[in-house]
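Novice: File name model_38.tsv; file contents TSV, C-alpha atoms (C1' of nucleotides); full text below.
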chain	number	residue	atom	x	y	z
A	274	MET	CA	3.75	16.29	17.57
A	275	PRO	CA	2.84	13.63	19.79
A	276	HIS	CA	-0.40	12.92	21.16
A	277	THR	CA	-0.14	9.22	21.21
A	278	PRO	CA	-0.54	8.11	24.80
A	279	LEU	CA	2.51	6.24	25.93
A	280	HIS	CA	0.40	3.31	27.06
A	281	ASP	CA	-0.80	2.78	23.51
A	282	TRP	CA	2.77	2.62	22.37
A	283	ASN	CA	3.68	0.10	25.01
A	284	LEU	CA	0.65	-2.14	25.02
A	285	ILE	CA	-0.32	-2.30	21.42
A	286	PRO	CA	2.79	-3.79	19.80
A	287	THR	CA	2.69	-7.06	21.72
A	288	GLU	CA	-1.08	-7.36	21.46
A	289	ALA	CA	-1.05	-6.36	17.83
A	290	ILE	CA	1.46	-9.05	16.95
A	291	ALA	CA	-0.56	-11.68	18.78
A	292	LEU	CA	-3.66	-10.57	16.88
A	293	GLN	CA	-1.83	-10.70	13.56
A	294	LYS	CA	-0.76	-14.27	14.21
A	295	ARG	CA	-4.36	-15.24	14.86
A	296	LEU	CA	-5.78	-13.39	11.86
A	297	ALA	CA	-3.09	-14.54	9.43
A	298	GLY	CA	-4.67	-17.95	9.28
A	299	ARG	CA	-7.88	-16.43	7.98
A	300	VAL	CA	-6.30	-14.64	5.05
A	301	GLU	CA	-7.35	-16.44	1.87
A	302	ARG	CA	-4.75	-16.69	-0.87
A	303	ALA	CA	-6.76	-18.41	-3.57
A	304	ASP	CA	-8.93	-16.44	-5.99
A	305	ARG	CA	-12.42	-15.83	-4.77
A	306	LEU	CA	-13.61	-12.70	-6.42
A	307	ASP	CA	-16.84	-11.83	-8.16
A	308	PRO	CA	-16.88	-10.19	-11.58
A	309	VAL	CA	-15.20	-6.82	-11.14
A	310	ARG	CA	-17.37	-3.87	-12.08
A	311	HIS	CA	-15.84	-1.44	-9.64
A	312	LEU	CA	-12.24	-1.27	-8.55
A	313	ALA	CA	-11.07	0.88	-5.65
A	314	GLY	CA	-7.74	2.35	-4.63
A	315	VAL	CA	-6.93	3.20	-1.00
A	316	ASP	CA	-4.21	5.28	0.60
A	317	ILE	CA	-3.60	7.16	3.80
A	318	GLY	CA	-2.05	10.59	4.24
A	319	PHE	CA	-1.47	12.85	7.23
A	320	GLU	CA	-2.23	16.42	8.17
A	321	GLN	CA	-1.08	18.78	10.87
A	322	GLY	CA	2.27	17.18	11.38
A	323	GLY	CA	0.74	13.75	11.73
A	324	GLU	CA	-1.98	14.59	14.24
A	325	ILE	CA	-4.70	13.86	11.72
A	326	THR	CA	-4.93	10.70	9.63
A	327	ARG	CA	-6.55	11.20	6.26
A	328	ALA	CA	-7.90	8.15	4.42
A	329	ALA	CA	-8.78	8.36	0.74
A	330	VAL	CA	-10.71	5.90	-1.41
A	331	VAL	CA	-11.22	6.29	-5.14
A	332	VAL	CA	-13.67	4.01	-6.97
A	333	LEU	CA	-13.21	3.36	-10.67
A	334	ALA	CA	-15.63	1.74	-13.08
A	335	TRP	CA	-13.86	-1.01	-14.97
A	336	SER	CA	-14.66	-1.25	-18.70
A	337	PRO	CA	-12.80	-4.13	-20.36
A	338	ASN	CA	-14.18	-2.97	-23.67
A	339	ASP	CA	-12.95	0.53	-24.38
A	340	GLY	CA	-9.34	-0.57	-24.22
A	341	ASN	CA	-9.41	-1.12	-20.49
A	342	GLU	CA	-10.44	2.40	-19.64
A	343	PHE	CA	-11.64	3.50	-16.24
A	344	GLU	CA	-13.91	6.22	-15.07
A	345	VAL	CA	-13.82	7.67	-11.58
A	346	VAL	CA	-17.27	7.14	-10.15
A	347	GLU	CA	-16.67	8.13	-6.52
A	348	GLN	CA	-14.09	9.68	-4.25
A	349	VAL	CA	-14.18	9.76	-0.47
A	350	VAL	CA	-11.96	11.32	2.18
A	351	HIS	CA	-12.23	10.50	5.86
A	352	ARG	CA	-10.24	12.27	8.59
A	353	GLU	CA	-9.76	11.28	12.20
A	354	PRO	CA	-7.18	11.72	14.96
A	355	THR	CA	-4.06	9.61	14.51
A	356	ARG	CA	-4.07	6.85	17.08
A	357	MET	CA	-0.77	5.07	16.70
A	358	PRO	CA	2.78	5.85	15.58
A	359	TYR	CA	4.35	4.12	12.62
A	360	VAL	CA	5.97	0.82	13.53
A	361	PRO	CA	7.36	-1.43	10.78
A	362	GLY	CA	5.20	-4.54	10.63
A	363	LEU	CA	2.27	-2.93	12.42
A	364	LEU	CA	1.21	-0.42	9.79
A	365	SER	CA	-2.34	-1.74	9.57
A	366	PHE	CA	-3.12	-0.74	13.16
A	367	ARG	CA	-2.23	2.82	12.26
A	368	GLU	CA	-4.02	3.01	8.92
A	369	VAL	CA	-6.89	0.51	8.78
A	370	PRO	CA	-9.19	2.31	11.26
A	371	ALA	CA	-9.24	5.43	9.10
A	372	ALA	CA	-9.59	3.37	5.92
A	373	LEU	CA	-12.65	1.67	7.37
A	374	GLY	CA	-14.12	5.07	8.13
A	375	ALA	CA	-13.72	6.03	4.50
A	376	PHE	CA	-15.36	2.82	3.30
A	377	GLU	CA	-18.37	3.48	5.49
A	378	LYS	CA	-18.99	6.69	3.59
A	379	LEU	CA	-18.75	4.89	0.28
A	380	GLU	CA	-21.92	4.46	-1.76
A	381	VAL	CA	-20.53	2.31	-4.54
A	382	LYS	CA	-19.15	-0.96	-3.25
A	383	PRO	CA	-16.11	-2.29	-5.19
A	384	GLU	CA	-15.45	-5.96	-5.90
A	385	LEU	CA	-11.68	-5.48	-5.73
A	386	VAL	CA	-9.44	-3.11	-3.77
A	387	MET	CA	-5.81	-2.07	-4.26
A	388	VAL	CA	-4.06	-0.86	-1.15
A	389	ASP	CA	-0.88	1.19	-0.82
A	390	GLY	CA	1.28	-1.20	1.18
A	391	GLN	CA	2.02	-4.91	1.45
A	392	GLY	CA	-0.43	-7.81	1.36
A	393	ILE	CA	1.04	-11.10	2.54
A	394	ALA	CA	4.58	-9.88	1.85
A	395	HIS	CA	4.81	-9.29	5.58
A	396	PRO	CA	6.70	-11.01	8.44
A	397	ARG	CA	3.50	-12.67	9.65
A	398	ARG	CA	1.84	-12.70	6.21
A	399	ILE	CA	-0.76	-10.09	7.06
A	400	GLY	CA	0.21	-6.64	5.86
A	401	VAL	CA	-2.16	-3.68	5.67
A	402	ALA	CA	-3.79	-4.88	2.43
A	403	SER	CA	-4.55	-8.31	3.87
A	404	HIS	CA	-5.78	-6.89	7.16
A	405	LEU	CA	-8.13	-4.45	5.43
A	406	GLY	CA	-9.41	-7.14	3.07
A	407	LEU	CA	-10.12	-9.44	5.98
A	408	TRP	CA	-12.03	-6.73	7.78
A	409	LEU	CA	-14.04	-5.67	4.72
A	410	ASP	CA	-14.35	-9.24	3.52
A	411	LEU	CA	-13.31	-8.06	0.08
A	412	PRO	CA	-10.59	-9.17	-2.35
A	413	THR	CA	-7.52	-6.93	-1.93
A	414	ILE	CA	-4.10	-6.51	-3.51
A	415	GLY	CA	-1.08	-4.88	-1.90
A	416	VAL	CA	0.88	-2.40	-4.01
A	417	ALA	CA	3.93	-1.08	-2.18
A	418	LYS	CA	6.65	1.27	-3.32
A	419	SER	CA	9.37	-0.48	-1.34
A	420	ARG	CA	10.22	-3.76	0.38
A	421	LEU	CA	9.30	-4.78	3.90
A	422	CYS	CA	10.67	-8.32	3.90
A	423	GLY	CA	11.74	-11.05	1.52
A	424	ARG	CA	14.51	-11.48	-1.05
A	425	HIS	CA	14.47	-10.91	-4.79
A	426	GLY	CA	16.52	-10.42	-7.89
A	427	GLU	CA	16.42	-7.45	-10.23
A	428	PRO	CA	13.41	-7.64	-12.56
A	429	GLY	CA	13.85	-7.20	-16.31
A	430	PRO	CA	13.89	-3.70	-17.87
A	431	GLU	CA	10.54	-3.83	-19.67
A	432	ARG	CA	7.21	-2.75	-18.27
A	433	GLY	CA	5.55	-5.90	-16.97
A	434	ASP	CA	8.78	-7.76	-16.18
A	435	TRP	CA	8.87	-9.16	-12.69
A	436	THR	CA	10.75	-11.46	-10.35
A	437	PRO	CA	9.39	-13.41	-7.39
A	438	LEU	CA	9.72	-12.08	-3.87
A	439	VAL	CA	10.59	-15.02	-1.62
A	440	ASP	CA	11.04	-15.39	2.11
A	441	GLY	CA	12.10	-18.09	4.51
A	442	SER	CA	12.37	-21.33	2.63
A	443	ASP	CA	13.27	-20.24	-0.89
A	444	THR	CA	10.11	-21.96	-2.03
A	445	GLU	CA	7.71	-19.55	-0.38
A	446	VAL	CA	6.75	-16.87	-2.88
A	447	ILE	CA	5.06	-13.98	-1.11
A	448	GLY	CA	4.86	-11.45	-3.91
A	449	ALA	CA	6.29	-10.02	-7.10
A	450	VAL	CA	8.78	-7.24	-7.75
A	451	LEU	CA	7.24	-5.63	-10.81
A	452	ARG	CA	8.74	-3.17	-13.26
A	453	SER	CA	5.75	-0.89	-13.77
A	454	ARG	CA	7.66	1.63	-15.87
A	455	VAL	CA	10.86	1.55	-17.84
A	456	LYS	CA	13.86	2.93	-15.97
A	457	VAL	CA	12.01	3.28	-12.69
A	458	LYS	CA	12.40	1.40	-9.43
A	459	PRO	CA	10.03	-1.58	-9.39
A	460	ILE	CA	6.94	-1.82	-7.19
A	461	PHE	CA	6.08	-4.67	-4.82
A	462	VAL	CA	2.85	-6.51	-5.55
A	463	SER	CA	1.43	-9.10	-3.18
A	464	PRO	CA	-1.89	-10.85	-2.62
A	465	GLY	CA	-3.98	-9.17	0.05
A	466	HIS	CA	-7.03	-11.34	0.67
A	467	ARG	CA	-9.02	-13.67	-1.59
A	468	VAL	CA	-6.65	-13.08	-4.54
A	469	SER	CA	-3.78	-15.25	-5.81
A	470	LEU	CA	-0.41	-13.84	-6.85
A	471	PRO	CA	-0.96	-14.45	-10.61
A	472	THR	CA	-4.29	-12.65	-10.42
A	473	ALA	CA	-2.79	-9.82	-8.39
A	474	ILE	CA	-0.08	-9.33	-11.00
A	475	GLU	CA	-2.64	-9.39	-13.80
A	476	TRP	CA	-4.80	-6.75	-12.24
A	477	VAL	CA	-1.96	-4.43	-11.34
A	478	THR	CA	-0.47	-4.78	-14.79
A	479	SER	CA	-3.72	-4.00	-16.55
A	480	CYS	CA	-4.18	-0.92	-14.39
A	481	LEU	CA	-0.80	0.53	-15.35
A	482	ARG	CA	-0.73	3.60	-17.57
A	483	ARG	CA	2.12	6.03	-17.93
A	484	THR	CA	3.08	6.23	-14.29
A	485	LYS	CA	4.88	4.05	-11.80
A	486	LEU	CA	1.76	3.27	-9.80
A	487	PRO	CA	-1.40	1.58	-11.11
A	488	GLU	CA	-4.34	4.00	-11.49
A	489	PRO	CA	-6.35	3.00	-8.39
A	490	THR	CA	-3.44	3.53	-6.03
A	491	ARG	CA	-2.08	6.55	-7.89
A	492	LEU	CA	-5.38	8.40	-7.68
A	493	ALA	CA	-5.92	7.50	-4.03
A	494	ASP	CA	-2.38	8.69	-3.36
A	495	ARG	CA	-3.06	12.12	-4.76
A	496	LEU	CA	-6.31	12.46	-2.88
A	497	ALA	CA	-4.77	11.34	0.39
A	498	SER	CA	-1.90	13.79	-0.01
A	499	ARG	CA	-4.37	16.48	-1.14
A	500	ARG	CA	-2.55	17.19	-4.37
A	501	GLY	CA	-4.01	16.79	-7.82
B	186	DG	C1'	24.98	-8.51	19.25
B	187	DC	C1'	24.23	-6.14	14.49
B	188	DG	C1'	21.25	-4.58	10.82
B	189	DA	C1'	16.57	-4.11	8.46
B	190	DC	C1'	12.45	-1.86	8.65
B	191	DA	C1'	5.47	-0.94	4.09
B	192	DG	C1'	3.82	4.24	5.31
C	127	DA	C1'	4.28	9.55	5.74
C	128	DT	C1'	6.04	14.70	5.72
C	129	DC	C1'	9.27	18.77	5.19
C	130	DT	C1'	10.89	21.25	0.35
C	131	DT	C1'	13.75	24.06	-5.04
C	132	DG	C1'	15.51	23.25	-8.55
C	133	DT	C1'	16.56	20.24	-12.07
C	134	DC	C1'	17.31	16.23	-15.40
C	135	DG	C1'	14.79	13.65	-18.99
C	136	DC	C1'	11.15	12.07	-22.33
Could you take the file, read its structure, and then write that structure out as structure tokens?
Specialist:
Amino acid sequence: MPHTPLHDWNLIPTEAIALQKRLAGRVERADRLDPVRHLAGVDIGFEQGGEITRAAVVVLAWSPNDGNEFEVVEQVVHREPTRMPYVPGLLSFREVPAALGAFEKLEVKPELVMVDGQGIAHPRRIGVASHLGLWLDLPTIGVAKSRLCGRHGEPGPERGDWTPLVDGSDTEVIGAVLRSRVKVKPIFVSPGHRVSLPTAIEWVTSCLRRTKLPEPTRLADRLASRRG
DNA sequence: GCGACAG
DNA sequence: ATCTTGTCGC
């Protein structure tokens, strides 16, 4: 299983954290997105017991008219050797390199990207969605299936109900715990880069269909896990 | 010192 | 994340 040089394991964590602290200040939290014509979903999967990292990007054409329907216009898969083990709080160093590789193969450039993982709902306010957005210089939203940090109450039972995710001083809202489906564990939505929390919630909500995850992330998930 | 801990 | 069969529910 292992093919991650020990020196990577020892040196990267401390350097990675220092880098996150520097980059966190560059993550923009206010809206700064162009009209969205194409929306992308990103997720990472693994093959061969973790030796290979598989990044998947699905681009959808957004049509506000036809009842908010989408159309898949492009799908890309990029594989490369896994370079780092999973470490809570340092997920971006394990997944972003492969994600960037997938974006390089992309022909249609999206104006907004949804990433499987946290945005600023991270100890240093720079989760994988924020880190990727900063690198691509694109608006991103983090859509995670579970919590990394922060406190929250139980959101209401209806689809669309949500409660704030707060951390540190009870006044710092870092995300939203959103009920994306009735009777299903809520998802964690947080701004990635160049998107505010209200906008992030709006986009995720309008991309919900009959499943727990919004379409962009759900489709990328299936492609990354080579299902569907 | 004792938990918690995205994927 | 990944390994995995059947099973409960709309």
Novice: Would you tabulate, counting all atoms listed in the file, all residues of chain A that have an atom at most 8 Å from an atom of chain C, showing the closest pair of atoms and their distance in Å to one decimal, sorted by chain then ascending number, as a tab-separated table?
Specialist:
residue	atom	partner	partner_atom	distance
A:Gly318	CA	C:DA127	C1'	6.6
A:Phe319	CA	C:DA127	C1'	6.8
A:Gly322	CA	C:DT128	C1'	7.2
Novice: Listing only residues of chain B within 7 Å of chain A, what is the closest atom pair and its distance in Å (to one decimal) for each, using only C-alpha atoms (C1' of nucleotides), sorted by chain and residue number ascending, as a Markdown table?
Specialist:
| residue | atom | partner | partner_atom | distance |
| --- | --- | --- | --- | --- |
| B:DC190 | C1' | A:Pro361 | CA | 5.5 |
| B:DA191 | C1' | A:Gly390 | CA | 5.1 |
| B:DG192 | C1' | A:Leu364 | CA | 7.0 |
Novice: Ala449 (chain A): which residues within 9 Å, counting all atoms listed in the file, same-chain residues fewer than 5 positions away excluded, as a short mmCIF file (atom, residue, chain, number, x, y, z; two decimals) with C-alpha atoms, keeping the file's coordinate frame?
Specialist:
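Here's the written file around08.cif:
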data_model
loop_
_atom_site.label_atom_id
_atom_site.label_comp_id
_atom_site.auth_asym_id
_atom_site.auth_seq_id
_atom_site.Cartn_x
_atom_site.Cartn_y
_atom_site.Cartn_z
CA HIS A 425 14.47 -10.91 -4.79
CA TRP A 435 8.87 -9.16 -12.69
CA THR A 436 10.75 -11.46 -10.35
CA PRO A 437 9.39 -13.41 -7.39
CA LEU A 438 9.72 -12.08 -3.87
CA VAL A 439 10.59 -15.02 -1.62
CA ILE A 460 6.94 -1.82 -7.19
CA PHE A 461 6.08 -4.67 -4.82
CA VAL A 462 2.85 -6.51 -5.55
CA SER A 463 1.43 -9.10 -3.18
CA LEU A 470 -0.41 -13.84 -6.85
CA ILE A 474 -0.08 -9.33 -11.00
#
Novice: Interatomic distance between CA of Ala291 (chain A) and CA of Gly406 (chain A)?
Specialist: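 So the answer is 18.6 Å.
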Novice: What's around Arg327 (chain A) at 12 Å? Count all atoms listed in the file, leave out sequence neighbours fewer than 5 positions away in its own chain, and write the answer as a VMD selection string.
Specialist: (chain A and resid 315 to 322 349 to 356 367 to 375 493 to 499) or (chain C and resid 127)
Novice: Could you add whatever atoms are missing so that region 479-497 of chain A carries N, CA, C and O atoms, then write the result as a PDB file, keeping the file's coordinate frame?
Specialist:
ATOM      1  N   SER A 479      -2.715  -4.603 -15.675  1.00  0.00           N
ATOM      2  CA  SER A 479      -3.720  -4.000 -16.550  1.00  0.00           C
ATOM      3  C   SER A 479      -4.176  -2.629 -16.082  1.00  0.00           C
ATOM      4  O   SER A 479      -4.865  -1.928 -16.813  1.00  0.00           O
ATOM      5  N   CYS A 480      -3.793  -2.248 -14.884  1.00  0.00           N
ATOM      6  CA  CYS A 480      -4.180  -0.920 -14.390  1.00  0.00           C
ATOM      7  C   CYS A 480      -3.044   0.081 -14.553  1.00  0.00           C
ATOM      8  O   CYS A 480      -3.131   1.226 -14.132  1.00  0.00           O
ATOM      9  N   LEU A 481      -1.937  -0.365 -15.152  1.00  0.00           N
ATOM     10  CA  LEU A 481      -0.800   0.530 -15.350  1.00  0.00           C
ATOM     11  C   LEU A 481      -1.040   1.424 -16.557  1.00  0.00           C
ATOM     12  O   LEU A 481      -1.599   0.995 -17.561  1.00  0.00           O
ATOM     13  N   ARG A 482      -0.592   2.656 -16.472  1.00  0.00           N
ATOM     14  CA  ARG A 482      -0.730   3.600 -17.570  1.00  0.00           C
ATOM     15  C   ARG A 482       0.647   4.168 -17.857  1.00  0.00           C
ATOM     16  O   ARG A 482       1.536   3.448 -18.218  1.00  0.00           O
ATOM     17  N   ARG A 483       0.808   5.457 -17.655  1.00  0.00           N
ATOM     18  CA  ARG A 483       2.120   6.030 -17.930  1.00  0.00           C
ATOM     19  C   ARG A 483       2.912   6.305 -16.677  1.00  0.00           C
ATOM     20  O   ARG A 483       3.986   6.899 -16.729  1.00  0.00           O
ATOM     21  N   THR A 484       2.367   5.945 -15.539  1.00  0.00           N
ATOM     22  CA  THR A 484       3.080   6.230 -14.290  1.00  0.00           C
ATOM     23  C   THR A 484       3.541   4.973 -13.572  1.00  0.00           C
ATOM     24  O   THR A 484       3.182   3.862 -13.937  1.00  0.00           O
ATOM     25  N   LYS A 485       4.331   5.169 -12.564  1.00  0.00           N
ATOM     26  CA  LYS A 485       4.880   4.050 -11.800  1.00  0.00           C
ATOM     27  C   LYS A 485       3.815   3.244 -11.074  1.00  0.00           C
ATOM     28  O   LYS A 485       3.891   2.026 -10.984  1.00  0.00           O
ATOM     29  N   LEU A 486       2.828   3.949 -10.533  1.00  0.00           N
ATOM     30  CA  LEU A 486       1.760   3.270  -9.800  1.00  0.00           C
ATOM     31  C   LEU A 486       0.522   2.992 -10.633  1.00  0.00           C
ATOM     32  O   LEU A 486       0.178   3.779 -11.518  1.00  0.00           O
ATOM     33  N   PRO A 487      -0.174   1.894 -10.353  1.00  0.00           N
ATOM     34  CA  PRO A 487      -1.400   1.580 -11.110  1.00  0.00           C
ATOM     35  C   PRO A 487      -2.441   2.659 -10.766  1.00  0.00           C
ATOM     36  O   PRO A 487      -2.425   3.225  -9.670  1.00  0.00           O
ATOM     37  N   GLU A 488      -3.348   2.943 -11.679  1.00  0.00           N
ATOM     38  CA  GLU A 488      -4.340   4.000 -11.490  1.00  0.00           C
ATOM     39  C   GLU A 488      -5.084   4.051 -10.146  1.00  0.00           C
ATOM     40  O   GLU A 488      -5.170   5.115  -9.550  1.00  0.00           O
ATOM     41  N   PRO A 489      -5.612   2.945  -9.666  1.00  0.00           N
ATOM     42  CA  PRO A 489      -6.350   3.000  -8.390  1.00  0.00           C
ATOM     43  C   PRO A 489      -5.517   3.592  -7.262  1.00  0.00           C
ATOM     44  O   PRO A 489      -5.935   4.533  -6.574  1.00  0.00           O
ATOM     45  N   THR A 490      -4.319   3.062  -7.093  1.00  0.00           N
ATOM     46  CA  THR A 490      -3.440   3.530  -6.030  1.00  0.00           C
ATOM     47  C   THR A 490      -2.902   4.941  -6.303  1.00  0.00           C
ATOM     48  O   THR A 490      -2.756   5.755  -5.399  1.00  0.00           O
ATOM     49  N   ARG A 491      -2.607   5.216  -7.537  1.00  0.00           N
ATOM     50  CA  ARG A 491      -2.080   6.550  -7.890  1.00  0.00           C
ATOM     51  C   ARG A 491      -3.098   7.647  -7.573  1.00  0.00           C
ATOM     52  O   ARG A 491      -2.767   8.671  -6.994  1.00  0.00           O
ATOM     53  N   LEU A 492      -4.349   7.410  -7.948  1.00  0.00           N
ATOM     54  CA  LEU A 492      -5.380   8.400  -7.680  1.00  0.00           C
ATOM     55  C   LEU A 492      -5.670   8.554  -6.193  1.00  0.00           C
ATOM     56  O   LEU A 492      -5.871   9.659  -5.691  1.00  0.00           O
ATOM     57  N   ALA A 493      -5.665   7.446  -5.475  1.00  0.00           N
ATOM     58  CA  ALA A 493      -5.920   7.500  -4.030  1.00  0.00           C
ATOM     59  C   ALA A 493      -4.771   8.246  -3.357  1.00  0.00           C
ATOM     60  O   ALA A 493      -4.961   9.001  -2.406  1.00  0.00           O
ATOM     61  N   ASP A 494      -3.575   8.030  -3.879  1.00  0.00           N
ATOM     62  CA  ASP A 494      -2.380   8.690  -3.360  1.00  0.00           C
ATOM     63  C   ASP A 494      -2.501  10.201  -3.429  1.00  0.00           C
ATOM     64  O   ASP A 494      -2.221  10.911  -2.466  1.00  0.00           O
ATOM     65  N   ARG A 495      -2.925  10.673  -4.576  1.00  0.00           N
ATOM     66  CA  ARG A 495      -3.060  12.120  -4.760  1.00  0.00           C
ATOM     67  C   ARG A 495      -4.128  12.701  -3.862  1.00  0.00           C
ATOM     68  O   ARG A 495      -3.980  13.790  -3.312  1.00  0.00           O
ATOM     69  N   LEU A 496      -5.211  11.973  -3.719  1.00  0.00           N
ATOM     70  CA  LEU A 496      -6.310  12.460  -2.880  1.00  0.00           C
ATOM     71  C   LEU A 496      -5.904  12.454  -1.400  1.00  0.00           C
ATOM     72  O   LEU A 496      -6.226  13.380  -0.654  1.00  0.00           O
ATOM     73  N   ALA A 497      -5.191  11.437  -1.008  1.00  0.00           N
ATOM     74  CA  ALA A 497      -4.770  11.340   0.390  1.00  0.00           C
ATOM     75  C   ALA A 497      -3.749  12.422   0.738  1.00  0.00           C
ATOM     76  O   ALA A 497      -3.724  12.938   1.850  1.00  0.00           O
TER      77      ALA A 497
END
